[in-house]
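K.L.:
This is protein-v1.tsv, which holds TSV, C-alpha atoms (C1' of nucleotides) and all ligand atoms:
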```tsv
chain	number	residue	atom	x	y	z
A	1	MET	CA	1.86	-55.04	70.39
A	2	GLN	CA	3.11	-57.20	73.19
A	3	LEU	CA	4.31	-60.75	73.21
A	4	SER	CA	2.01	-63.16	74.94
A	5	GLN	CA	2.90	-64.65	78.26
A	6	SER	CA	3.10	-68.00	76.49
A	7	THR	CA	6.15	-66.76	74.65
A	8	GLU	CA	7.79	-65.67	77.86
A	9	TYR	CA	7.07	-69.11	79.29
A	10	ALA	CA	8.41	-70.84	76.19
A	11	ILE	CA	11.66	-68.88	76.10
A	12	HIS	CA	12.43	-69.59	79.71
A	13	SER	CA	11.39	-73.22	79.48
A	14	LEU	CA	13.58	-73.88	76.47
A	15	PHE	CA	16.36	-72.03	78.21
A	16	TYR	CA	15.96	-74.33	81.18
A	17	LEU	CA	15.92	-77.33	78.87
A	18	ALA	CA	19.06	-76.14	77.13
A	19	VAL	CA	20.87	-75.76	80.44
A	20	ASN	CA	19.86	-79.30	81.32
A	21	ASN	CA	20.39	-80.80	77.90
A	22	ASN	CA	23.00	-83.19	79.23
A	23	ARG	CA	20.25	-85.08	81.02
A	24	GLN	CA	18.24	-87.67	79.09
A	25	THR	CA	14.91	-85.97	79.58
A	26	VAL	CA	13.37	-83.28	81.73
A	27	LEU	CA	9.80	-83.39	83.00
A	28	VAL	CA	7.41	-80.60	82.19
A	29	SER	CA	6.43	-80.66	85.86
A	30	GLU	CA	9.99	-79.81	86.82
A	31	ILE	CA	10.23	-77.02	84.28
A	32	ALA	CA	7.01	-75.51	85.56
A	33	ARG	CA	8.10	-75.83	89.16
A	34	ALA	CA	11.45	-74.15	88.48
A	35	GLN	CA	9.64	-71.06	87.23
A	36	ASN	CA	6.61	-71.19	89.48
A	37	ILE	CA	4.21	-71.30	86.53
A	38	SER	CA	1.14	-73.41	85.79
A	39	GLU	CA	2.12	-76.94	84.87
A	40	SER	CA	-0.98	-77.81	82.88
A	41	TYR	CA	-0.70	-74.67	80.84
A	42	LEU	CA	2.97	-75.19	80.18
A	43	ALA	CA	2.17	-78.73	79.08
A	44	LYS	CA	-0.04	-77.26	76.36
A	45	ILE	CA	2.72	-74.92	75.25
A	46	PHE	CA	5.10	-77.83	74.99
A	47	GLN	CA	2.73	-79.66	72.68
A	48	GLY	CA	3.14	-76.72	70.35
A	49	LEU	CA	6.90	-76.70	70.70
A	50	VAL	CA	6.99	-80.35	69.70
A	51	LYS	CA	4.94	-79.60	66.58
A	52	ALA	CA	7.24	-76.72	65.77
A	53	GLY	CA	10.15	-79.11	65.93
A	54	LEU	CA	12.02	-77.38	68.74
A	55	VAL	CA	11.76	-80.14	71.32
A	56	ARG	CA	11.37	-83.89	71.26
A	57	SER	CA	9.03	-85.64	73.60
A	58	TYR	CA	9.32	-89.08	75.17
A	59	ARG	CA	6.23	-90.63	76.56
A	60	GLY	CA	5.89	-93.03	79.41
A	61	ALA	CA	8.04	-93.72	82.43
A	62	LYS	CA	11.38	-91.91	82.32
A	63	GLY	CA	9.88	-89.79	79.60
A	64	GLY	CA	9.92	-86.04	79.30
A	65	TYR	CA	11.45	-83.59	76.88
A	66	HIS	CA	14.73	-82.54	75.48
A	67	LEU	CA	15.80	-80.23	72.70
A	68	ALA	CA	15.16	-81.55	69.21
A	69	VAL	CA	18.11	-79.61	67.80
A	70	PRO	CA	21.33	-78.31	69.38
A	71	ALA	CA	21.08	-75.20	71.53
A	72	GLU	CA	23.18	-73.23	69.07
A	73	LYS	CA	20.56	-73.78	66.37
A	74	ILE	CA	17.55	-72.43	68.30
A	75	THR	CA	17.10	-68.67	68.23
A	76	LEU	CA	14.72	-66.30	69.96
A	77	LYS	CA	13.09	-65.80	66.59
A	78	ASN	CA	12.46	-69.53	66.28
A	79	ILE	CA	10.86	-69.65	69.69
A	80	MET	CA	8.78	-66.57	69.16
A	81	GLN	CA	7.44	-67.80	65.84
A	82	ALA	CA	6.78	-71.27	67.22
A	83	VAL	CA	4.51	-69.77	69.85
A	84	GLU	CA	3.06	-66.69	68.20
A	85	GLY	CA	2.88	-67.96	64.67
A	86	THR	CA	4.39	-66.47	61.57
A	87	SER	CA	1.70	-64.20	60.28
A	88	PRO	CA	2.94	-60.65	59.68
A	89	ILE	CA	2.55	-58.01	62.38
A	90	TYR	CA	0.66	-55.82	59.94
A	91	THR	CA	-2.00	-56.74	57.45
A	92	CYS	CA	-4.28	-54.28	55.73
A	93	ASP	CA	-7.84	-54.75	54.69
A	94	HIS	CA	-7.62	-53.48	51.15
A	95	ASP	CA	-10.87	-55.11	50.12
A	96	ARG	CA	-12.77	-53.03	52.59
A	97	ARG	CA	-11.23	-49.93	51.10
A	98	ASP	CA	-11.07	-49.18	47.43
A	99	CYS	CA	-7.44	-50.21	47.19
A	100	ASP	CA	-6.00	-52.42	44.49
A	101	PHE	CA	-2.91	-53.56	46.37
A	102	VAL	CA	-0.98	-54.48	43.24
A	103	VAL	CA	2.33	-53.09	44.46
A	104	ASP	CA	3.20	-52.81	48.14
A	105	CYS	CA	2.37	-49.30	49.26
A	106	LEU	CA	4.80	-47.54	51.57
A	107	ILE	CA	2.79	-48.49	54.65
A	108	THR	CA	2.96	-52.18	53.90
A	109	ALA	CA	6.57	-52.05	52.73
A	110	THR	CA	7.64	-50.23	55.89
A	111	MET	CA	5.85	-52.63	58.18
A	112	LYS	CA	7.46	-55.57	56.44
A	113	LYS	CA	10.87	-53.99	56.77
A	114	ALA	CA	10.39	-53.15	60.44
A	115	GLU	CA	9.30	-56.70	61.15
A	116	LYS	CA	12.27	-58.07	59.25
A	117	LYS	CA	14.73	-55.93	61.21
A	118	MET	CA	13.22	-57.06	64.45
A	119	TYR	CA	13.50	-60.71	63.51
A	120	GLU	CA	17.07	-60.24	62.33
A	121	ILE	CA	18.05	-59.21	65.83
A	122	LEU	CA	16.10	-62.02	67.42
A	123	ASP	CA	17.59	-64.54	65.03
A	124	LYS	CA	21.11	-63.73	66.15
A	125	ILE	CA	20.60	-64.92	69.70
A	126	THR	CA	20.60	-68.64	70.31
A	127	LEU	CA	19.93	-70.67	73.42
A	128	GLU	CA	23.65	-71.37	73.42
A	129	LYS	CA	24.36	-67.67	73.76
A	130	LEU	CA	21.81	-67.37	76.54
A	131	ILE	CA	23.68	-70.09	78.40
A	132	GLU	CA	26.96	-68.25	77.99
A	133	ASN	CA	25.36	-65.08	79.26
A	134	ALA	CA	23.85	-66.99	82.16
A	135	GLU	CA	27.33	-68.05	83.25
A	136	GLU	CA	28.22	-64.41	83.73
A	137	LEU	CA	24.99	-63.52	85.49
A	138	ARG	CA	24.69	-66.79	87.34
A	139	ASN	CA	24.15	-65.25	90.75
A	140	GLN	CA	21.11	-63.37	89.52
A	141	MET	CA	19.46	-66.32	87.78
A	142	LYS	CA	18.91	-68.86	90.50
A	143	TRP	CA	15.83	-70.35	88.88
A	144	LEU	CA	18.11	-72.08	86.37
A	145	ASP	CA	19.52	-74.37	89.03
A	146	SER	CA	18.04	-77.74	88.21
A	147	ILE	CA	15.48	-78.96	90.64
A	148	PRO	CA	15.84	-82.45	92.05
A	149	LYS	CA	12.79	-84.60	91.56
B	1	MET	CA	2.39	-60.39	67.87
B	2	GLN	CA	0.10	-58.54	65.53
B	3	LEU	CA	-0.96	-54.96	65.46
B	4	SER	CA	-4.57	-54.36	66.36
B	5	GLN	CA	-7.08	-53.37	63.76
B	6	SER	CA	-7.35	-50.05	65.56
B	7	THR	CA	-3.82	-49.26	64.47
B	8	GLU	CA	-4.63	-50.09	60.88
B	9	TYR	CA	-7.63	-47.80	61.14
B	10	ALA	CA	-5.59	-45.02	62.73
B	11	ILE	CA	-2.83	-45.13	60.13
B	12	HIS	CA	-5.26	-44.91	57.25
B	13	SER	CA	-7.39	-42.26	58.89
B	14	LEU	CA	-4.42	-40.03	59.63
B	15	PHE	CA	-3.22	-40.64	56.10
B	16	TYR	CA	-6.59	-39.49	54.83
B	17	LEU	CA	-6.45	-36.48	57.10
B	18	ALA	CA	-2.97	-35.62	55.87
B	19	VAL	CA	-4.08	-35.77	52.26
B	20	ASN	CA	-6.94	-33.44	53.12
B	21	ASN	CA	-5.00	-31.19	55.44
B	22	ASN	CA	-5.62	-28.18	53.24
B	23	ARG	CA	-9.27	-28.27	54.30
B	24	GLN	CA	-10.26	-26.61	57.57
B	25	THR	CA	-11.62	-29.75	59.15
B	26	VAL	CA	-12.65	-33.24	58.14
B	27	LEU	CA	-15.51	-35.12	59.75
B	28	VAL	CA	-14.94	-38.47	61.37
B	29	SER	CA	-18.01	-39.66	59.51
B	30	GLU	CA	-16.33	-38.88	56.20
B	31	ILE	CA	-13.11	-40.62	57.21
B	32	ALA	CA	-15.04	-43.71	58.22
B	33	ARG	CA	-17.08	-43.69	55.03
B	34	ALA	CA	-14.00	-43.37	52.84
B	35	GLN	CA	-12.66	-46.60	54.29
B	36	ASN	CA	-15.91	-48.41	54.85
B	37	ILE	CA	-15.24	-48.83	58.56
B	38	SER	CA	-17.40	-48.34	61.64
B	39	GLU	CA	-17.94	-44.66	62.35
B	40	SER	CA	-18.66	-44.99	66.05
B	41	TYR	CA	-15.59	-47.10	66.60
B	42	LEU	CA	-13.39	-44.75	64.64
B	43	ALA	CA	-14.75	-41.89	66.73
B	44	LYS	CA	-13.38	-43.62	69.81
B	45	ILE	CA	-10.01	-44.06	68.17
B	46	PHE	CA	-9.91	-40.38	67.34
B	47	GLN	CA	-10.47	-39.48	70.97
B	48	GLY	CA	-7.24	-41.30	71.66
B	49	LEU	CA	-5.42	-39.59	68.83
B	50	VAL	CA	-6.42	-36.22	70.25
B	51	LYS	CA	-5.05	-37.18	73.66
B	52	ALA	CA	-1.85	-38.38	72.01
B	53	GLY	CA	-1.51	-34.96	70.41
B	54	LEU	CA	-1.62	-36.16	66.81
B	55	VAL	CA	-4.85	-34.48	65.79
B	56	ARG	CA	-6.82	-31.46	66.91
B	57	SER	CA	-10.56	-31.59	67.29
B	58	TYR	CA	-13.14	-28.89	66.74
B	59	ARG	CA	-16.56	-29.34	68.22
B	60	GLY	CA	-19.83	-28.08	66.93
B	61	ALA	CA	-21.05	-27.13	63.50
B	62	LYS	CA	-18.23	-26.94	60.95
B	63	GLY	CA	-16.20	-28.92	63.41
B	64	GLY	CA	-14.17	-32.03	62.80
B	65	TYR	CA	-10.52	-32.87	62.90
B	66	HIS	CA	-7.25	-31.89	61.39
B	67	LEU	CA	-3.65	-32.76	62.08
B	68	ALA	CA	-2.22	-31.20	65.21
B	69	VAL	CA	1.28	-31.14	63.71
B	70	PRO	CA	2.57	-31.05	60.14
B	71	ALA	CA	2.43	-34.27	58.15
B	72	GLU	CA	6.22	-34.42	57.99
B	73	LYS	CA	6.38	-34.65	61.77
B	74	ILE	CA	4.07	-37.62	62.22
B	75	THR	CA	5.66	-41.03	61.78
B	76	LEU	CA	4.30	-44.55	61.71
B	77	LYS	CA	5.99	-45.05	65.06
B	78	ASN	CA	4.08	-42.11	66.51
B	79	ILE	CA	0.79	-43.49	65.28
B	80	MET	CA	1.49	-46.99	66.43
B	81	GLN	CA	2.47	-45.88	69.91
B	82	ALA	CA	-0.49	-43.54	70.15
B	83	VAL	CA	-2.84	-46.46	69.59
B	84	GLU	CA	-1.02	-49.43	71.06
B	85	GLY	CA	0.73	-47.67	73.89
B	86	THR	CA	4.40	-47.55	74.68
B	87	SER	CA	4.91	-50.53	76.93
B	88	PRO	CA	7.69	-52.80	75.74
B	89	ILE	CA	6.89	-55.82	73.58
B	90	TYR	CA	8.59	-58.05	76.10
B	91	THR	CA	8.41	-58.01	79.86
B	92	CYS	CA	9.53	-60.83	82.09
B	93	ASP	CA	8.09	-61.91	85.36
B	94	HIS	CA	11.28	-62.11	87.38
B	95	ASP	CA	9.44	-62.06	90.70
B	96	ARG	CA	7.68	-65.28	89.88
B	97	ARG	CA	11.03	-66.89	89.18
B	98	ASP	CA	14.01	-66.65	91.45
B	99	CYS	CA	15.65	-63.99	89.31
B	100	ASP	CA	17.24	-60.86	90.67
B	101	PHE	CA	17.10	-58.84	87.47
B	102	VAL	CA	19.85	-56.44	88.49
B	103	VAL	CA	21.47	-56.29	85.06
B	104	ASP	CA	19.53	-56.90	81.85
B	105	CYS	CA	19.99	-60.52	80.91
B	106	LEU	CA	20.56	-61.36	77.26
B	107	ILE	CA	16.88	-62.16	76.71
B	108	THR	CA	15.75	-58.77	77.91
B	109	ALA	CA	18.57	-56.92	76.19
B	110	THR	CA	17.84	-58.63	72.89
B	111	MET	CA	14.14	-57.93	73.06
B	112	LYS	CA	14.81	-54.28	73.77
B	113	LYS	CA	17.20	-54.09	70.85
B	114	ALA	CA	14.80	-55.80	68.46
B	115	GLU	CA	12.04	-53.45	69.49
B	116	LYS	CA	14.30	-50.46	69.03
B	117	LYS	CA	15.31	-51.54	65.53
B	118	MET	CA	11.69	-51.98	64.58
B	119	TYR	CA	10.76	-48.54	65.81
B	120	GLU	CA	13.75	-46.99	64.06
B	121	ILE	CA	12.35	-48.13	60.74
B	122	LEU	CA	8.85	-47.00	61.60
B	123	ASP	CA	10.11	-43.64	62.77
B	124	LYS	CA	11.63	-42.90	59.38
B	125	ILE	CA	8.34	-42.88	57.52
B	126	THR	CA	6.14	-39.83	57.92
B	127	LEU	CA	2.66	-39.07	56.67
B	128	GLU	CA	4.36	-36.71	54.23
B	129	LYS	CA	6.28	-39.61	52.72
B	130	LEU	CA	3.12	-41.66	52.49
B	131	ILE	CA	1.54	-38.85	50.51
B	132	GLU	CA	4.50	-38.77	48.13
B	133	ASN	CA	4.25	-42.51	47.66
B	134	ALA	CA	0.52	-42.21	47.11
B	135	GLU	CA	1.15	-39.89	44.19
B	136	GLU	CA	3.03	-42.68	42.48
B	137	LEU	CA	0.50	-45.34	43.30
B	138	ARG	CA	-2.50	-43.11	42.95
B	139	ASN	CA	-4.39	-45.39	40.61
B	140	GLN	CA	-4.32	-48.19	43.15
B	141	MET	CA	-5.42	-46.07	46.12
B	142	LYS	CA	-8.81	-44.75	45.16
B	143	TRP	CA	-10.07	-44.61	48.72
B	144	LEU	CA	-7.92	-41.52	49.26
B	145	ASP	CA	-10.08	-39.46	46.93
B	146	SER	CA	-11.91	-37.14	49.24
B	147	ILE	CA	-15.56	-37.83	49.60
B	148	PRO	CA	-18.00	-34.98	49.11
B	149	LYS	CA	-20.39	-34.56	51.97
C	1	DT	C1'	-32.65	-20.96	69.01
C	2	DA	C1'	-31.69	-24.81	65.98
C	3	DT	C1'	-28.19	-27.54	64.07
C	4	DA	C1'	-23.84	-29.92	63.80
C	5	DT	C1'	-20.26	-32.10	65.90
C	6	DT	C1'	-16.92	-34.04	69.35
C	7	DT	C1'	-16.63	-35.94	74.25
C	8	DG	C1'	-16.96	-39.25	77.79
C	9	DG	C1'	-19.15	-42.90	79.85
C	10	DA	C1'	-21.72	-47.00	79.89
C	11	DT	C1'	-22.50	-51.13	77.86
C	12	DA	C1'	-22.44	-55.18	74.81
C	13	DA	C1'	-20.56	-58.63	71.51
C	14	DT	C1'	-16.83	-61.14	69.99
C	15	DA	C1'	-12.36	-63.04	70.10
C	16	DA	C1'	-7.94	-64.19	72.23
C	17	DT	C1'	-5.37	-65.63	76.04
C	18	DT	C1'	-4.70	-68.23	79.98
C	19	DG	C1'	-5.74	-72.08	82.56
C	20	DT	C1'	-7.82	-76.81	84.00
C	21	DC	C1'	-9.12	-81.60	83.54
C	22	DC	C1'	-9.28	-86.14	81.96
C	23	DG	C1'	-9.15	-90.35	79.30
C	24	DA	C1'	-6.17	-92.48	75.89
C	25	DA	C1'	-1.75	-93.72	74.19
C	26	DT	C1'	2.91	-94.93	75.11
C	27	DT	C1'	6.99	-96.57	77.44
C	28	DA	C1'	9.99	-98.46	81.24
C	29	DT	C1'	10.40	-101.41	84.86
C	30	DC	C1'	9.22	-104.96	88.00
D	1	DG	C1'	1.70	-109.17	82.03
D	2	DA	C1'	0.78	-105.66	85.44
D	3	DT	C1'	1.92	-101.26	87.18
D	4	DA	C1'	3.52	-96.73	87.24
D	5	DA	C1'	4.96	-92.65	84.82
D	6	DT	C1'	4.42	-89.58	81.33
D	7	DT	C1'	2.96	-87.06	77.07
D	8	DC	C1'	-1.14	-86.33	73.86
D	9	DG	C1'	-5.38	-84.53	72.36
D	10	DG	C1'	-9.59	-82.70	73.10
D	11	DA	C1'	-13.00	-80.43	75.59
D	12	DC	C1'	-14.02	-77.01	78.59
D	13	DA	C1'	-13.94	-72.75	81.66
D	14	DA	C1'	-12.27	-68.23	83.30
D	15	DT	C1'	-10.31	-64.05	82.37
D	16	DT	C1'	-8.98	-60.32	79.62
D	17	DA	C1'	-8.62	-57.61	75.30
D	18	DT	C1'	-10.58	-56.00	71.17
D	19	DT	C1'	-14.17	-54.31	68.51
D	20	DA	C1'	-18.37	-52.05	68.41
D	21	DT	C1'	-22.69	-49.36	69.66
D	22	DC	C1'	-25.40	-45.82	71.94
D	23	DC	C1'	-26.54	-41.71	74.22
D	24	DA	C1'	-26.57	-37.56	77.02
D	25	DA	C1'	-23.64	-33.58	77.65
D	26	DA	C1'	-20.65	-30.05	76.03
D	27	DT	C1'	-19.37	-26.92	72.44
D	28	DA	C1'	-19.52	-24.19	68.38
D	29	DT	C1'	-21.82	-22.09	64.23
D	30	DA	C1'	-25.22	-19.58	62.10
E	1	LIG	S1	-3.03	-48.05	51.24
E	1	LIG	FE1	-1.57	-49.76	51.44
E	1	LIG	S2	-1.96	-50.54	53.51
E	1	LIG	FE2	-3.72	-49.27	52.97
E	1	LIG	S3	-5.25	-50.65	52.13
E	1	LIG	FE3	-4.05	-49.86	50.40
E	1	LIG	S4	-2.42	-51.35	50.10
E	1	LIG	FE4	-3.27	-51.72	52.15
E	2	LIG	S1	16.28	-64.59	82.99
E	2	LIG	FE1	16.11	-62.49	82.21
E	2	LIG	S2	14.09	-62.44	81.20
E	2	LIG	FE2	14.12	-64.25	82.52
E	2	LIG	S3	13.19	-63.61	84.46
E	2	LIG	FE3	15.43	-63.36	84.66
E	2	LIG	S4	15.80	-61.24	84.05
E	2	LIG	FE4	13.76	-61.76	83.30
```
Would you write out, as structure tokens, the structure that this file holds?
Ligand code: SF4
Ligand code: SF4
P.N.:
Amino acid sequence: MQLSQSTEYAIHSLFYLAVNNNRQTVLVSEIARAQNISESYLAKIFQGLVKAGLVRSYRGAKGGYHLAVPAEKITLKNIMQAVEGTSPIYTCDHDRRDCDFVVDCLITATMKKAEKKMYEILDKITLEKLIENAEELRNQMKWLDSIPK
Amino acid sequence: MQLSQSTEYAIHSLFYLAVNNNRQTVLVSEIARAQNISESYLAKIFQGLVKAGLVRSYRGAKGGYHLAVPAEKITLKNIMQAVEGTSPIYTCDHDRRDCDFVVDCLITATMKKAEKKMYEILDKITLEKLIENAEELRNQMKWLDSIPK
DNA sequence: TATATTTGGATAATAATTGTCCGAATTATC
DNA sequence: GATAATTCGGACAATTATTATCCAAATATA
């Protein structure tokens, strides 16, 4: 029940993008370098983020990425679901058992509710809010300083 | 971000145990058969549940398992953590970045809060409540009927 | 003693995650 | 038009986690 490292990469990379959203584009190589993570792997993650509609890509010289929507519209929930998918945290195999599954049983209903509550919290925090928080904690988050090419 | 199948097995097996808690012991073979799942794999899961203090085991003839604590004291949270562990859903690699991590940043704080909310919901539902719900939905949950040896 | 059962360890099969590489497509600039 | 810079898509490989099986040893009953 842990988020994949890809999600941790994606959150931080979008955060970095949001901080640098005034620039035309940012290279994936720069984003990887800023965090000291694998560039080729991050490139793959970004392909997914494009498909999910969170970032826009620009190919060719002077290309790169920037946010597809404003930073105040992208939440931690959005990012998490873009990377991890949207399938529910709990699914039961009722076929395997002798279980009709007409009405949600209390197990299923509870799992759905727990998941919903979790996403409600995550949906409240946007990249914009992360930036505001970063202003307060700036001295502890040096990796956000943009890296010159 | 999905629960492992082991957790699904554990929840249903403990549920089955709770329903049959009037009996002295229940065999792991019976529990597996009732759900049509692998007996040897379930046996391994039960070893973990013993260590977690959720069930008690009895070796030898007439042995088996029963709940270590009353059904109203075992929650879905307890079961989930017994199987999946208690490490947080989100951990960041601040060493890899240039991040001091003195105070929780908003990412970390939000993840902790989301996790907490999720567990709060799961901690409200006990095996006892599942049994009550099963009485209502009895016709759809035939697998709970205890299997004669 | 014979039988029933969990325990713990070893091992294997399968699937998911993480990571790399490269040629093709695209775009900007000279 | 040629060149350089960049993402894209697909294939592939390495590593780790999950799911599963088996068996000898320990324990308990009768
Ligand atoms: S009891 Fe509920 S969770 Fe379990 S198999 Fe039936 S419907 Fe699914
Ligand atoms: S910004 Fe927050 S989550 Fe990211 S590395 Fe720093 S402390 Fe961790």
K.L.:
Return as a PyMOL selection string the residues belonging to chain B that are within 12 Å of chain C, counting all atoms listed in the file.
P.N.:
chain B and resi 1-2+4+25-29+40+43-44+46-48+50-51+56-65
K.L.:
Starting from 8 Å padding per side, set up an axis-aligned box that covers all listed atoms of ligand LIG 1 (chain E) and hand over centre and edge lengths in Å, one decimal, as JSON.
P.N.:
```
{"center_x": -3.4, "center_y": -49.9, "center_z": 51.8, "size_x": 19.7, "size_y": 19.7, "size_z": 19.4}
```
K.L.:
Just want the residues within 9 Å of ligand LIG 2 (chain E), written as a ChimeraX atom specification, counting only C-alpha atoms (C1' of nucleotides) and all ligand atoms.
P.N.:
/A:8,11-12,15,35,130,134,140-144 /B:90-109
K.L.:
Dump as an MDAnalysis selection string the residues of chain D that approach chain A to within 6 Å, counting all atoms listed in the file.
P.N.:
chainID D and resid 5:7
K.L.:
Selected residues, C-alpha atoms (C1' of nucleotides), written as a PDB file, in the coordinates of the input, please.
P.N.:
```
ATOM      1  C1'  DA D   5       4.960 -92.650  84.820  1.00  0.00           C
ATOM      2  C1'  DT D   6       4.420 -89.580  81.330  1.00  0.00           C
ATOM      3  C1'  DT D   7       2.960 -87.060  77.070  1.00  0.00           C
TER       4       DT D   7
END
```
K.L.:
Taking all atoms listed in the file into account, name the residue in A:Ala10, A:Leu127, A:Leu3, A:Tyr16 that is nearest to chain B.
P.N.:
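Among the listed residues, the smallest separation from chain B belongs to A:Leu3.
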